[in-house]
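What follows is a single structure, written as structure tokens, with notes after it.
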Amino acid sequence: MGERKPGDRERAITSVAKTSITDSGEKQHTLLGADELILNMGPQHPSTHGVLRVKLKLDGERVIGSECMIGYLHRGVEKIAEHRTYQQFAPYVDRMDYVAAVSNGLGYCEAIEKLLLVEAPVRARVIRTILTELQRIASHLLWLGTHALDIGALTPLFYCFREREEILKIFEKYCGARLTTHAFRIGGLQYEAYDTLEKDVERFCKNFESRIVEYEDLLTQNRIWLGRTKGVGILTSAEAIAFGATGPVLRASGVKWDIRKAMPYAAYDQYKFEIPVGTAGDTYDRYLVRMEEMRQSRLICLQAIENIPSGPILAKVGKVLKPPPGEVYHSIEAPKGELGYYVVSDGTVQPYRVRIRPPSFVNLQSFDRMVRGHLVADVVAIIGTLDIVLGEVDR
Amino acid sequence: MQAVTQGTIEFLKLYWAPLLCGVVIVAFLPLIVGYVVLVERKLMADMQARLGPMRVGPHGLLQPIADAVKLLIKEDIIPEDADKLVFWLAPVLSVGAALLSLAGIAIGPAFQIAKDINIGILFVVGVSAMGIFGIVLGGWASNSHYSLMGALRSAAQLVSYETAAGMALVSGLLFAGTLNITSIVEAQRQQGIWFGLLAPVAFFTYLVASIAETNRAPFDLPEAESELVAGYMTEFSGFRWSLYFLAEYTNMIVVASVATTLFLGGWLRPFPRTQWLNFLDFLPPLLMVAIGLYCLVRVPKQPARVQQFFMVAVAGLCFFLALVLAVPVLVPVVNPSLAAGVKPLYEGIHGSFWFLFKVSAYLYFFMWLRFTLPRYRFDQLMRLGWHFLIPLSIINVLVIGIAMIVGTYLHLEGWWLLLATLPASIIALLIALFILAAEQKSGQQQAGGAASDSYAG
Amino acid sequence: MLDKVIFYFFAGIAVASAVLTVTRRNAVHSAIFLITALLATAGIFLQLRAEFLFIVQIILYVGGIMVLFVFVIMLVNLDVAVRQIQFARQKWVALVISLALAAQVGLMFWSSGRMPGQGLPVLAAAPADKLPPNSEEVAKSLFSSYLLPFEIASVLLLVAMVGAVVMAKKRT
């Protein structure tokens, strides 16, 4: 199928084929003597979730090899950090995983607090927990909507956005921003919680229970959905660990690992919640795990708003932050997995180095393992199930 | 010379009406399709908790016109490496086949362009199937991998599902005993029952296969947006793209019309022979009155003066239609001596109403499925077609044939025929499910072995 | 008069596209012209009031076989086919065969002019409105006078189908 017309009309395609991907020099012949097909998916493609570019080697529609090409959204976030003060850099992290900005901010603030050897006040930690869990729900909702859309179900997207909108409204009321919130400050919170925060969160959580049921009605037992997700993109627990996968991708493979439990941060040690794990490690299990995580996040929010302690919201950190020289690694359980910040201080107002471990980037490494042997249609399902955000992959 | 002139005059005498109808259809169909799309978007919006198009005209009612203008004046892009001739030809083929097949469809006993062709339903099915060349050649000519894959998927899908659809039609045609569209509907009037009820399995098979043939979700793999960008249409833009779009929606109307004619009683009202249900004749005008009244009630709630005015206009239109629909049923009640005179009027007006109503219901079902279901994967689509629908439809033809013989032997007529055909349908379904289960069992044993080739079915 | 115009119209298209089918270098273009030829033949059937044959021609040849044709053409590598020299080795064989065929046809025309009733049969055209619906007529003759050939053909097709399935199974 590769070359169909005479002369140089196929220049574009063959030149792509020559660049890489074909590990063997010889041409492999497949069905009906046709050559294998190199399909260039992205960076402009409806379901590569931004600007991911995937080069697929196909036999008919079956994937026999793949290569992810990233960097189309590279902004040099880590380098920027070296030329900003600690506070100035905080808004930048919101732009990495831009659908879960609150979680990014939490990780960064806690890392710098660790470096400064201060701890945020209890009240600040509880409010941080509430907002982060809301953000987890919002992120998972966006994932669910787009994942379902990739597999061809149009409607869940709008249902998900309806609920996500409620969460974004809470954010907006709290800090004035909806997407890139910059909700937290190093040492605690900038803003006091607004008066009806508890009520808003409670109302959202009350409604949300039935809404999850609505999504599940559309998908969980749907035969086509089962057919499209079961057995697709299987990652065994050993492989998941070997690839360094974290978050729902790891848990769906049966590894019970959640930083909120393993190394509690913020106020997670005060609340009871379950860590959902899967068994098969396929797309369907990842779906179930994330659905259950939304339920658990809702429970955490409900527990947290019951008793928000009073007190200061900002620890005494001073206007100018000059952490003692040293290095620190702090990671949190972001919606997509382990989000780690490795910060090196040389004692000045600017970090010497900030290295970020983005969960999407690491989870994306297992992409090739997951797509081999599947069809083109499964590729989009697998990109969806990995729940990547290119802002975070490329930084 | 004179012979030629005379021949032309003769020709025009015979064919002026169909020619005129053809011109009217070609002129108005894009508009109708535009509004079908608007209805689809509005329905989708309603099911997805949003409003849909609202900007152009009251409630977005002028949106199709705005879209059409946009598509017409858009730059016409032909990819440099495309096969220009085929690229130019493909959308025309698609839309030509779709429009041509409309010629065989009868909206009412009097409204048919190609009148009384005795291969009626075969003509519609055969000609509309030719539209596949537009898709396949368009996909190939674009010289793009996405397009090519869309074209290949489309060809494989059509060949697989055409068989099932054809077999389902055969089951229905067994009851009719003719291919002529008017006679098929007449046969249903005589039996007093829809063939869709007599052969529910065939109707179901045709329903599924017709969705697949028109490339609608959940079988929209040839243009699967999230996988192949836009499949065979990826490289098409502007007017060419809109021709494909027109063809797709025309095909939807065609398959819905075929299903309506063969399985849902065509232009007959439900239960055409049951006397005590004659009040159903009053349903269409009453429905129109109800819609009109609803529009009037909603008038004060419209935010802008122009929208209020518009709602009143819609209500007026509904009342007018109600009047038109009411005349043929009210005249015989008032003055029984005129009953015979208004009979053709009744058949024409009410026939069109019921036909369009049934077609709309069928299309609504299409749309509903699209908003609800995820998309099949290619191998699953092929498995569904070859391992379930085709065996099911073939077995169904067989058992329906046996049931017909039994029915003739026992002198079963009309609704009593159900006694023979319902068990037959159930048997067909059970056998097909049994085959499917056996297939799955053997499939599971082979699983992990060589990957099956999806195109080979 | 009209019949004649229609006949020559379709016949012209059929012959022209048949020629183009074999002379085009691009296999997809050839396929398109083959489709045109088949459609024109269907048009001639229609002109002869054989509407059943007309639609069978369209459904089977155009809608069925040609779709598969085009499908396969798109799968194989056209590049190789285009570079090959056309009419390579069969040039002379083909010429002889087509000359023989032309001679046969000419002989038939010539003999029909000389000996009425011996060469081409001349049928009286039936008035259009008196023709029985020909799907019924085809069915009647298939299932009565030509029952045995019909059954033999069915068995042959069944054998072909089973064979194809067996071969497909073997490959995987």
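Ordering of the structure tokens sets the chain letters (A, B, ...), residue numbers begin anew at 1 in every chain, and ligands are numbered from 1 in the order given.
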If we count only C-alpha atoms and set the cut-off at 10 Å, which residues sit around range 215-218 of chain A, ignoring sequence neighbours fewer than 2 positions away in its own chain? Please answer as a PDB file with N, CA and C atoms, in the first residue's frame.
```pdb
ATOM      1  N   LEU A 141     -12.673  13.920  34.992  1.00  0.00           N
ATOM      2  CA  LEU A 141     -13.856  14.176  34.165  1.00  0.00           C
ATOM      3  C   LEU A 141     -13.440  14.519  32.744  1.00  0.00           C
ATOM      4  N   LEU A 144     -12.362  11.383  31.138  1.00  0.00           N
ATOM      5  CA  LEU A 144     -13.477  10.499  30.787  1.00  0.00           C
ATOM      6  C   LEU A 144     -14.162  10.994  29.518  1.00  0.00           C
ATOM      7  N   GLY A 145     -14.411  12.290  29.478  1.00  0.00           N
ATOM      8  CA  GLY A 145     -15.112  12.851  28.321  1.00  0.00           C
ATOM      9  C   GLY A 145     -14.338  12.656  27.041  1.00  0.00           C
ATOM     10  N   ALA A 148     -13.971   8.892  26.093  1.00  0.00           N
ATOM     11  CA  ALA A 148     -15.202   8.366  25.486  1.00  0.00           C
ATOM     12  C   ALA A 148     -15.368   8.916  24.081  1.00  0.00           C
ATOM     13  N   ALA A 153     -18.075   7.706  21.640  1.00  0.00           N
ATOM     14  CA  ALA A 153     -19.268   8.092  22.390  1.00  0.00           C
ATOM     15  C   ALA A 153     -19.248   9.610  22.555  1.00  0.00           C
ATOM     16  N   THR A 155     -21.629  11.721  23.793  1.00  0.00           N
ATOM     17  CA  THR A 155     -22.389  12.408  24.822  1.00  0.00           C
ATOM     18  C   THR A 155     -21.703  12.547  26.173  1.00  0.00           C
ATOM     19  N   PRO A 156     -20.966  11.526  26.649  1.00  0.00           N
ATOM     20  CA  PRO A 156     -20.372  11.688  27.983  1.00  0.00           C
ATOM     21  C   PRO A 156     -19.543  12.957  28.117  1.00  0.00           C
ATOM     22  N   LEU A 157     -18.924  13.404  27.033  1.00  0.00           N
ATOM     23  CA  LEU A 157     -18.092  14.604  27.092  1.00  0.00           C
ATOM     24  C   LEU A 157     -18.869  15.775  27.673  1.00  0.00           C
ATOM     25  N   TYR A 159     -21.675  15.721  29.420  1.00  0.00           N
ATOM     26  CA  TYR A 159     -22.060  15.486  30.813  1.00  0.00           C
ATOM     27  C   TYR A 159     -20.876  15.791  31.730  1.00  0.00           C
ATOM     28  N   CYS A 160     -19.694  15.333  31.311  1.00  0.00           N
ATOM     29  CA  CYS A 160     -18.508  15.560  32.134  1.00  0.00           C
ATOM     30  C   CYS A 160     -18.217  17.056  32.255  1.00  0.00           C
ATOM     31  N   SER A 210     -24.952  10.921  41.836  1.00  0.00           N
ATOM     32  CA  SER A 210     -25.869  10.434  40.798  1.00  0.00           C
ATOM     33  C   SER A 210     -25.301  10.660  39.409  1.00  0.00           C
ATOM     34  N   ARG A 211     -24.440  11.685  39.293  1.00  0.00           N
ATOM     35  CA  ARG A 211     -23.880  11.965  37.967  1.00  0.00           C
ATOM     36  C   ARG A 211     -22.926  10.865  37.522  1.00  0.00           C
ATOM     37  N   ILE A 212     -22.142  10.344  38.478  1.00  0.00           N
ATOM     38  CA  ILE A 212     -21.238   9.244  38.111  1.00  0.00           C
ATOM     39  C   ILE A 212     -22.055   8.058  37.621  1.00  0.00           C
ATOM     40  N   VAL A 213     -23.182   7.832  38.302  1.00  0.00           N
ATOM     41  CA  VAL A 213     -24.050   6.733  37.870  1.00  0.00           C
ATOM     42  C   VAL A 213     -24.495   6.960  36.431  1.00  0.00           C
ATOM     43  N   THR A 220     -20.312   1.745  31.300  1.00  0.00           N
ATOM     44  CA  THR A 220     -19.697   0.595  31.966  1.00  0.00           C
ATOM     45  C   THR A 220     -20.178  -0.752  31.434  1.00  0.00           C
ATOM     46  N   GLN A 221     -21.472  -0.907  31.225  1.00  0.00           N
ATOM     47  CA  GLN A 221     -21.969  -2.201  30.754  1.00  0.00           C
ATOM     48  C   GLN A 221     -22.242  -2.215  29.263  1.00  0.00           C
ATOM     49  N   ASN A 222     -21.895  -1.151  28.595  1.00  0.00           N
ATOM     50  CA  ASN A 222     -22.152  -1.062  27.156  1.00  0.00           C
ATOM     51  C   ASN A 222     -21.285  -2.069  26.398  1.00  0.00           C
ATOM     52  N   TRP A 225     -18.542  -0.551  24.319  1.00  0.00           N
ATOM     53  CA  TRP A 225     -17.492  -0.003  25.181  1.00  0.00           C
ATOM     54  C   TRP A 225     -16.615  -1.121  25.717  1.00  0.00           C
ATOM     55  N   LEU A 288     -12.234   1.767  35.022  1.00  0.00           N
ATOM     56  CA  LEU A 288     -12.912   1.500  36.297  1.00  0.00           C
ATOM     57  C   LEU A 288     -12.164   2.154  37.449  1.00  0.00           C
ATOM     58  N   MET A 291     -12.870   5.828  37.532  1.00  0.00           N
ATOM     59  CA  MET A 291     -14.229   6.102  37.974  1.00  0.00           C
ATOM     60  C   MET A 291     -14.319   5.979  39.493  1.00  0.00           C
TER      61      MET A 291
ATOM     62  N   THR B 372     -25.562   8.018  21.513  1.00  0.00           N
ATOM     63  CA  THR B 372     -25.492   7.160  22.687  1.00  0.00           C
ATOM     64  C   THR B 372     -24.323   6.193  22.663  1.00  0.00           C
ATOM     65  N   LEU B 373     -24.026   5.650  21.482  1.00  0.00           N
ATOM     66  CA  LEU B 373     -23.131   4.498  21.471  1.00  0.00           C
ATOM     67  C   LEU B 373     -21.709   4.880  21.061  1.00  0.00           C
ATOM     68  N   PRO B 374     -20.727   4.199  21.651  1.00  0.00           N
ATOM     69  CA  PRO B 374     -19.358   4.342  21.161  1.00  0.00           C
ATOM     70  C   PRO B 374     -19.231   3.639  19.810  1.00  0.00           C
TER      71      PRO B 374
END
```
Looking only at the backbone, which of the residues in range 99-338 of chain A does DSSP tag as alpha helix (DSSP H), as a PyMOL selection string? chain A and resi 101-116+122-150+155-175+197-219+223-229+237-242+248-251+259-262+283-306
Produce a file of the selected residues containing C-alpha atoms, as a CSV table (one decimal), in the first residue's frame.
```csv
chain,number,residue,atom,x,y,z
A,101,ALA,CA,-3.2,23.2,37.8
A,102,VAL,CA,-4.1,23.0,41.4
A,103,SER,CA,-2.3,19.7,41.9
A,104,ASN,CA,0.8,21.1,40.1
A,105,GLY,CA,0.8,24.1,42.5
A,106,LEU,CA,0.4,21.9,45.5
A,107,GLY,CA,3.4,19.8,44.6
A,108,TYR,CA,5.6,22.8,44.0
A,109,CYS,CA,4.6,24.7,47.1
A,110,GLU,CA,5.1,21.6,49.3
A,111,ALA,CA,8.5,21.0,47.7
A,112,ILE,CA,9.7,24.5,48.5
A,113,GLU,CA,8.2,24.3,52.0
A,114,LYS,CA,10.2,21.2,52.5
A,115,LEU,CA,13.3,23.1,51.3
A,116,LEU,CA,12.5,26.0,53.6
A,122,VAL,CA,-3.4,22.9,59.4
A,123,ARG,CA,-6.2,25.0,57.9
A,124,ALA,CA,-4.3,25.7,54.8
A,125,ARG,CA,-3.5,22.0,54.5
A,126,VAL,CA,-7.2,21.0,54.7
A,127,ILE,CA,-8.3,23.5,52.2
A,128,ARG,CA,-5.4,22.4,49.9
A,129,THR,CA,-6.7,18.9,50.2
A,130,ILE,CA,-10.2,19.9,49.3
A,131,LEU,CA,-9.2,21.9,46.2
A,132,THR,CA,-6.7,19.2,45.1
A,133,GLU,CA,-9.3,16.5,45.3
A,134,LEU,CA,-11.8,18.7,43.4
A,135,GLN,CA,-9.1,19.1,40.8
A,136,ARG,CA,-8.6,15.4,40.6
A,137,ILE,CA,-12.3,15.0,39.9
A,138,ALA,CA,-12.1,17.7,37.3
A,139,SER,CA,-9.1,16.1,35.6
A,140,HIS,CA,-10.7,12.7,35.6
A,141,LEU,CA,-13.9,14.2,34.2
A,142,LEU,CA,-11.9,15.7,31.3
A,143,TRP,CA,-10.2,12.4,30.8
A,144,LEU,CA,-13.5,10.5,30.8
A,145,GLY,CA,-15.1,12.9,28.3
A,146,THR,CA,-12.3,12.9,25.8
A,147,HIS,CA,-11.6,9.2,26.2
A,148,ALA,CA,-15.2,8.4,25.5
A,149,LEU,CA,-15.1,10.8,22.6
A,150,ASP,CA,-12.1,9.0,21.2
A,155,THR,CA,-22.4,12.4,24.8
A,156,PRO,CA,-20.4,11.7,28.0
A,157,LEU,CA,-18.1,14.6,27.1
A,158,PHE,CA,-20.8,17.1,27.6
A,159,TYR,CA,-22.1,15.5,30.8
A,160,CYS,CA,-18.5,15.6,32.1
A,161,PHE,CA,-18.1,19.2,31.2
A,162,ARG,CA,-21.3,20.0,33.0
A,163,GLU,CA,-19.9,18.8,36.3
A,164,ARG,CA,-16.4,20.1,35.6
A,165,GLU,CA,-17.9,23.5,35.2
A,166,GLU,CA,-19.2,23.3,38.8
A,167,ILE,CA,-15.7,22.6,40.0
A,168,LEU,CA,-14.2,25.4,38.0
A,169,LYS,CA,-16.8,27.7,39.4
A,170,ILE,CA,-15.7,26.8,42.9
A,171,PHE,CA,-12.1,27.6,41.8
A,172,GLU,CA,-13.2,30.8,40.3
A,173,LYS,CA,-15.0,31.9,43.5
A,174,TYR,CA,-11.9,30.9,45.5
A,175,CYS,CA,-9.1,32.5,43.6
A,197,LEU,CA,-17.0,27.2,50.1
A,198,GLU,CA,-18.1,24.3,52.2
A,199,LYS,CA,-21.7,24.6,51.0
A,200,ASP,CA,-20.6,24.7,47.4
A,201,VAL,CA,-18.4,21.7,47.7
A,202,GLU,CA,-21.1,19.8,49.6
A,203,ARG,CA,-23.7,20.6,47.0
A,204,PHE,CA,-21.4,19.5,44.3
A,205,CYS,CA,-20.5,16.3,46.1
A,206,LYS,CA,-24.2,15.5,46.7
A,207,ASN,CA,-25.1,15.9,43.1
A,208,PHE,CA,-22.0,14.2,41.8
A,209,GLU,CA,-22.9,10.7,43.2
A,210,SER,CA,-25.9,10.4,40.8
A,211,ARG,CA,-23.9,12.0,38.0
A,212,ILE,CA,-21.2,9.2,38.1
A,213,VAL,CA,-24.1,6.7,37.9
A,214,GLU,CA,-25.2,8.6,34.7
A,215,TYR,CA,-21.8,8.2,33.1
A,216,GLU,CA,-21.6,4.6,34.1
A,217,ASP,CA,-25.0,3.9,32.6
A,218,LEU,CA,-23.8,5.1,29.3
A,219,LEU,CA,-20.5,3.2,29.3
A,223,ARG,CA,-21.2,-4.0,24.9
A,224,ILE,CA,-19.4,-1.8,22.4
A,225,TRP,CA,-17.5,0.0,25.2
A,226,LEU,CA,-16.5,-3.4,26.7
A,227,GLY,CA,-15.4,-4.6,23.3
A,228,ARG,CA,-13.3,-1.5,22.7
A,229,THR,CA,-11.6,-1.4,26.1
A,237,SER,CA,2.1,-5.1,36.9
A,238,ALA,CA,5.7,-6.1,36.3
A,239,GLU,CA,5.8,-4.1,33.1
A,240,ALA,CA,4.1,-1.2,34.7
A,241,ILE,CA,6.7,-1.0,37.4
A,242,ALA,CA,9.5,-1.5,34.9
A,248,PRO,CA,-4.2,5.0,37.7
A,249,VAL,CA,-2.1,3.3,35.0
A,250,LEU,CA,-0.1,1.5,37.7
A,251,ARG,CA,-3.0,0.8,39.9
A,259,ILE,CA,1.4,8.4,47.5
A,260,ARG,CA,-1.5,9.8,49.4
A,261,LYS,CA,-1.4,6.6,51.5
A,262,ALA,CA,2.3,5.7,51.2
A,283,THR,CA,-8.0,0.0,29.2
A,284,TYR,CA,-11.3,-1.1,30.8
A,285,ASP,CA,-9.6,-1.6,34.2
A,286,ARG,CA,-8.0,1.9,34.0
A,287,TYR,CA,-11.4,3.2,33.2
A,288,LEU,CA,-12.9,1.5,36.3
A,289,VAL,CA,-10.0,2.6,38.5
A,290,ARG,CA,-10.5,6.3,37.5
A,291,MET,CA,-14.2,6.1,38.0
A,292,GLU,CA,-13.7,4.7,41.5
A,293,GLU,CA,-11.1,7.3,42.2
A,294,MET,CA,-13.6,10.0,41.5
A,295,ARG,CA,-15.9,8.5,44.0
A,296,GLN,CA,-13.1,8.3,46.6
A,297,SER,CA,-12.2,11.9,45.9
A,298,ARG,CA,-15.7,12.9,46.5
A,299,LEU,CA,-15.7,11.0,49.8
A,300,ILE,CA,-12.4,12.8,50.8
A,301,CYS,CA,-14.0,16.2,50.0
A,302,LEU,CA,-17.1,15.3,52.1
A,303,GLN,CA,-14.9,14.3,55.0
A,304,ALA,CA,-12.8,17.4,54.7
A,305,ILE,CA,-15.6,20.0,54.7
A,306,GLU,CA,-17.1,18.5,57.8
```
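Note that CA of Ala313 in chain B and CA of Ile291 in chain B are 12.2 Å apart.
Relative to CA of Tyr364 in chain B, CA of Gly126 in chain B is found at 24.5 Å.
Here is the contact set of chain B against chain A, at 6 Å and counting only C-alpha atoms: Gln48, Asp81, Ser226, Glu227, Phe371, Leu373, Pro374 and Arg375 of chain B.
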Keeping only N, CA and C atoms, write those residues as a JSON list (two decimals), in the first residue's frame.
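Below you can see part-v6.json, which holds the result:
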```json
[["chain", "number", "residue", "atom", "x", "y", "z"],
["B", 48, "GLN", "N", -27.47, 16.29, 25.13],
["B", 48, "GLN", "CA", -26.18, 16.54, 25.76],
["B", 48, "GLN", "C", -26.22, 17.75, 26.68],
["B", 81, "ASP", "N", -0.71, 16.34, -4.88],
["B", 81, "ASP", "CA", -0.42, 14.99, -5.35],
["B", 81, "ASP", "C", -1.66, 14.17, -5.64],
["B", 226, "SER", "N", -12.09, 10.38, 15.37],
["B", 226, "SER", "CA", -10.99, 10.32, 16.32],
["B", 226, "SER", "C", -9.88, 9.40, 15.84],
["B", 227, "GLU", "N", -10.13, 8.60, 14.80],
["B", 227, "GLU", "CA", -9.07, 7.70, 14.33],
["B", 227, "GLU", "C", -8.48, 8.20, 13.02],
["B", 371, "PHE", "N", -25.75, 9.41, 19.23],
["B", 371, "PHE", "CA", -25.38, 10.18, 20.42],
["B", 371, "PHE", "C", -25.10, 9.27, 21.60],
["B", 373, "LEU", "N", -24.03, 5.65, 21.48],
["B", 373, "LEU", "CA", -23.13, 4.50, 21.47],
["B", 373, "LEU", "C", -21.71, 4.88, 21.06],
["B", 374, "PRO", "N", -20.73, 4.20, 21.65],
["B", 374, "PRO", "CA", -19.36, 4.34, 21.16],
["B", 374, "PRO", "C", -19.23, 3.64, 19.81],
["B", 375, "ARG", "N", -18.08, 3.78, 19.20],
["B", 375, "ARG", "CA", -17.87, 3.26, 17.86],
["B", 375, "ARG", "C", -17.31, 1.85, 17.92]]
```
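Distance-wise, CA of Tyr98 in chain A and CA of Ala315 in chain A end up 26.9 Å apart.
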Residues of chain C near chain B: apply a cut-off of 8 Å, count only C-alpha atoms, and supply the list as JSON, numbers by chain. {"C": [1, 2, 51, 52, 55, 58, 59, 62, 63, 64, 67, 68, 70, 71, 74, 133, 135, 172]}
Kindly save the residues from that selection, with N, CA and C atoms included, as a tab-separated table (two decimals), in the first residue's frame.
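Contents of part_29.tsv, freshly written:
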```tsv
chain	number	residue	atom	x	y	z
C	1	MET	N	-37.29	5.67	-32.79
C	1	MET	CA	-36.33	6.76	-32.97
C	1	MET	C	-35.55	7.01	-31.68
C	2	LEU	N	-36.35	7.24	-30.65
C	2	LEU	CA	-35.74	7.50	-29.35
C	2	LEU	C	-34.92	6.29	-28.89
C	51	GLU	N	-35.61	-4.65	-17.43
C	51	GLU	CA	-35.17	-3.89	-16.26
C	51	GLU	C	-34.59	-4.78	-15.17
C	52	PHE	N	-35.02	-6.04	-15.15
C	52	PHE	CA	-34.45	-6.91	-14.13
C	52	PHE	C	-32.96	-7.16	-14.40
C	55	ILE	N	-30.92	-4.08	-13.44
C	55	ILE	CA	-30.58	-3.83	-12.04
C	55	ILE	C	-29.66	-4.92	-11.52
C	58	ILE	N	-26.27	-3.94	-12.42
C	58	ILE	CA	-25.74	-2.88	-11.55
C	58	ILE	C	-25.40	-3.44	-10.18
C	59	ILE	N	-26.32	-4.21	-9.59
C	59	ILE	CA	-26.08	-4.68	-8.23
C	59	ILE	C	-24.90	-5.63	-8.19
C	62	VAL	N	-21.52	-3.96	-10.87
C	62	VAL	CA	-21.00	-2.66	-10.44
C	62	VAL	C	-20.90	-2.61	-8.92
C	63	GLY	N	-22.01	-2.96	-8.24
C	63	GLY	CA	-22.05	-2.80	-6.79
C	63	GLY	C	-21.27	-3.87	-6.06
C	64	GLY	N	-21.12	-5.05	-6.65
C	64	GLY	CA	-20.46	-6.11	-5.93
C	64	GLY	C	-19.05	-6.35	-6.42
C	67	VAL	N	-16.59	-3.29	-6.75
C	67	VAL	CA	-16.12	-2.76	-5.46
C	67	VAL	C	-14.94	-3.59	-4.98
C	68	LEU	N	-15.06	-4.91	-5.10
C	68	LEU	CA	-13.97	-5.78	-4.67
C	68	LEU	C	-12.74	-5.57	-5.55
C	70	VAL	N	-11.84	-2.82	-7.14
C	70	VAL	CA	-11.18	-1.57	-6.76
C	70	VAL	C	-10.47	-1.74	-5.43
C	71	PHE	N	-11.11	-2.46	-4.54
C	71	PHE	CA	-10.53	-2.73	-3.23
C	71	PHE	C	-9.17	-3.40	-3.36
C	74	MET	N	-6.48	-1.17	-4.93
C	74	MET	CA	-5.91	-0.18	-4.01
C	74	MET	C	-4.93	-0.83	-3.04
C	133	PRO	N	-44.10	-8.34	-16.28
C	133	PRO	CA	-43.02	-7.88	-15.38
C	133	PRO	C	-41.89	-8.89	-15.45
C	135	SER	N	-39.09	-9.53	-13.83
C	135	SER	CA	-38.48	-10.28	-12.71
C	135	SER	C	-39.25	-11.58	-12.51
C	172	THR	N	-4.46	-18.61	7.99
C	172	THR	CA	-4.25	-18.23	9.38
C	172	THR	C	-4.04	-19.47	10.17
```
Minimum-distance residue to chain A, chosen among C:Ile73, C:Val19, C:Val155, C:Ala100 (using only C-alpha atoms): C:Ile73
